[in-house]
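Asker: First, the structure itself, so that you have it in front of you.
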Amino acid sequence: QRNLATEYIGHEIHHYSEVDSTNNVAKELAEKGSPEGTIITAESQRSGKGRRGKKWISPHGGVWMTIILRPDIPTSQAPLLTLLTGVAVAETLKRECNLDVGIKWPNDILIGDKKVCGILTEASASKRGLDYVVVGIGIDLNVNVDDFPPELREGATSLQRELEKEISGVKLVQNFLLNFENFYNDFKNGQFQHILNQWRRLSTTIGSTVEVQKRGRTVRGEAVGITKEGVLILEMPDGSLRKIISGECTHFKG
Ligand code: BTN
């Protein structure tokens with residue numbers, strides 16, 4: 001913490017050896033009034049949460065962290081925070097670890113075609129607008145993915161595996177928080193375009209054929225762009241355009 005160069009992100013840190021989920025702890029703290037920039041970290045999570053109700057395996061050796069944010073933005077812009085966080089993680093891994101990382105819409109950070117980090121954003125909103133947002137980040141740092149269940153093992157990797165050495169989580173997190181704060185300040189100053197451009201540059205989704213599960217149906221089209229709200233635009237085989245707000249996105253190889 002002493003080497004943290006940020007202005008406010010990570011100035012209040014709640015560190016636990018084990019929690020159920022850092023996102024859940026963050027929501028409780030946010031309800032009690034914890035300030036913007038508060039972070040919650042844990043060495044392991046008993047019931048880490050992935051998107052769409054999935055489990056997120058969180059043993060020792062990973063980075064399991066949640067940031068509390070209180071942005072003054074319309075609720076419709078909350079998904080942009082996921083994109084912003086993805087850009088900050090990807091830039092950090094590129095710079096610190098010299099890795100060629102990509103982002104799969106909306107929130108998977110990939111090395112090659114294997115996932116190394118996931119982001120889970122949860123927002124609390126009322127009629128008056130957004131109250132707070134918690135952004136959970138899970139990075140498979142020094143984690144042995146061979147211990148993962150078979151269905152997850154194949155699509156996952158860790159930084160340790162990619163770099164063939166253990167790396168310091170503290171330094172990585174400090175650099176990430178600084179990158180994150182810079183992007184977040186840009187965002188609060190209305191510089192969405194800069195973030196979206198970065199996202200597009202890092203995206204492995206734009207330009208590829210993707211399948212998205214939407215209300216139990218599979219929609220397949222070519223990802224041609226994202227809107228300024230972070231919504232994915234698919235071009236369908238008949239040339240029409242469809243907007244995809246969220247959903248599981250599979251890059252279609254075939
Ligand atoms: C996903 O890709 O499905 C999102 C995974 C998000 C995992 C992180 S780990 C820290 C935070 N706490 C949780 O329970 N989940 C997020």
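Letters for chains follow the order of the structure tokens (A, B, ...), residue numbers begin at 1 for each chain, and ligand numbers begin at 1 in the order shown.
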Which residues are near ligand 1 in this structure, taking near to mean any atom at most 6 Å from a ligand atom and counting only C-alpha atoms and all ligand atoms? Format them as a VMD selection string.
Answerer: chain A and resid 21 to 23 48 to 51 56 64 to 66 108 118 to 120 136 to 138
Asker: Could you please write out, as an NGL selection string, every residue of stretch 163-215 of chain A that DSSP assigns to strand (DSSP E or B)?
Answerer: :A and (203 or 209-214)
Asker: Using DSSP secondary structure from the backbone, list all helix (DSSP H, G or I) positions within stretch 20-236 of chain A, as a count of residues only.
Answerer: 78
Asker: Between atom CA of A:Lys188 and atom CA of A:Pro71, what distance in Å does the model show, to one decimal?
Answerer: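 Interatomic distance, atom CA of A:Lys188 to atom CA of A:Pro71: 7.3 Å.
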Asker: Can you tell me, as a PyMOL selection string, what residues are no more than 9 Å from A:Thr38 when counting only C-alpha atoms, ignoring any on the same chain fewer than 3 positions away?
Answerer: chain A and resi 8-14+26+29-30+34-35+66-69
Asker: For the residues in the current selection, export C-alpha atoms as a short mmCIF file (atom, residue, chain, number, x, y, z; two decimals), in the first residue's frame.
Answerer:
```cif
data_model
loop_
_atom_site.label_atom_id
_atom_site.label_comp_id
_atom_site.auth_asym_id
_atom_site.auth_seq_id
_atom_site.Cartn_x
_atom_site.Cartn_y
_atom_site.Cartn_z
CA TYR A 8 -7.79 7.64 -4.21
CA ILE A 9 -8.23 4.12 -5.62
CA GLY A 10 -7.06 1.59 -3.04
CA HIS A 11 -6.51 4.11 -0.25
CA GLU A 12 -8.95 2.15 1.89
CA ILE A 13 -8.15 -1.55 1.72
CA HIS A 14 -10.01 -4.41 3.37
CA ALA A 26 -17.91 -4.90 -1.23
CA LEU A 29 -19.40 -2.12 2.77
CA ALA A 30 -20.87 0.08 0.04
CA SER A 34 -17.55 3.01 2.24
CA PRO A 35 -16.04 5.66 -0.05
CA THR A 66 -13.32 -5.77 -5.82
CA ILE A 67 -13.37 -1.98 -6.21
CA ILE A 68 -16.24 0.17 -4.90
CA LEU A 69 -17.18 3.04 -7.25
#
```
Asker: Quick one: residues within 8 Å of A:Leu202, only C-alpha atoms counted, chain neighbours fewer than 6 positions away excluded, as a ChimeraX atom specification?
Answerer: /A:87,90,101-103
Asker: Considering only C-alpha atoms, state which residue in the set A:Glu235, A:Glu7, A:Asp20, A:Glu36 is at the smallest distance from A:Tyr132.
Answerer: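 Checking each candidate against A:Tyr132, we get A:Glu36 as the closest.
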Asker: What's the 9 Å shell around A:Gln77, counting only C-alpha atoms, without same-chain residues fewer than 2 positions away, as a list of chain:residue names?
Answerer: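 Non-adjacent residues within range: A:Ile73, A:Pro74, A:Thr75, A:Pro79, A:Leu80, A:Leu81, A:Lys228, A:Glu229, A:Gly230.
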Asker: Take the residues from that selection and write them out as an mmCIF file, in the first residue's frame, keeping C-alpha atoms.
Answerer:
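Contents of result30.cif, as written:
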```cif
data_model
loop_
_atom_site.group_PDB
_atom_site.id
_atom_site.type_symbol
_atom_site.label_atom_id
_atom_site.label_comp_id
_atom_site.auth_asym_id
_atom_site.auth_seq_id
_atom_site.Cartn_x
_atom_site.Cartn_y
_atom_site.Cartn_z
ATOM 1 C CA ILE A 73 -23.529 8.503 -14.417
ATOM 2 C CA PRO A 74 -26.797 7.171 -15.849
ATOM 3 C CA THR A 75 -27.364 3.485 -15.062
ATOM 4 C CA PRO A 79 -21.516 -1.596 -18.526
ATOM 5 C CA LEU A 80 -18.788 0.765 -19.705
ATOM 6 C CA LEU A 81 -17.074 0.245 -16.356
ATOM 7 C CA LYS A 228 -20.833 4.211 -27.038
ATOM 8 C CA GLU A 229 -22.713 2.415 -24.249
ATOM 9 C CA GLY A 230 -20.591 -0.697 -24.733
#
```
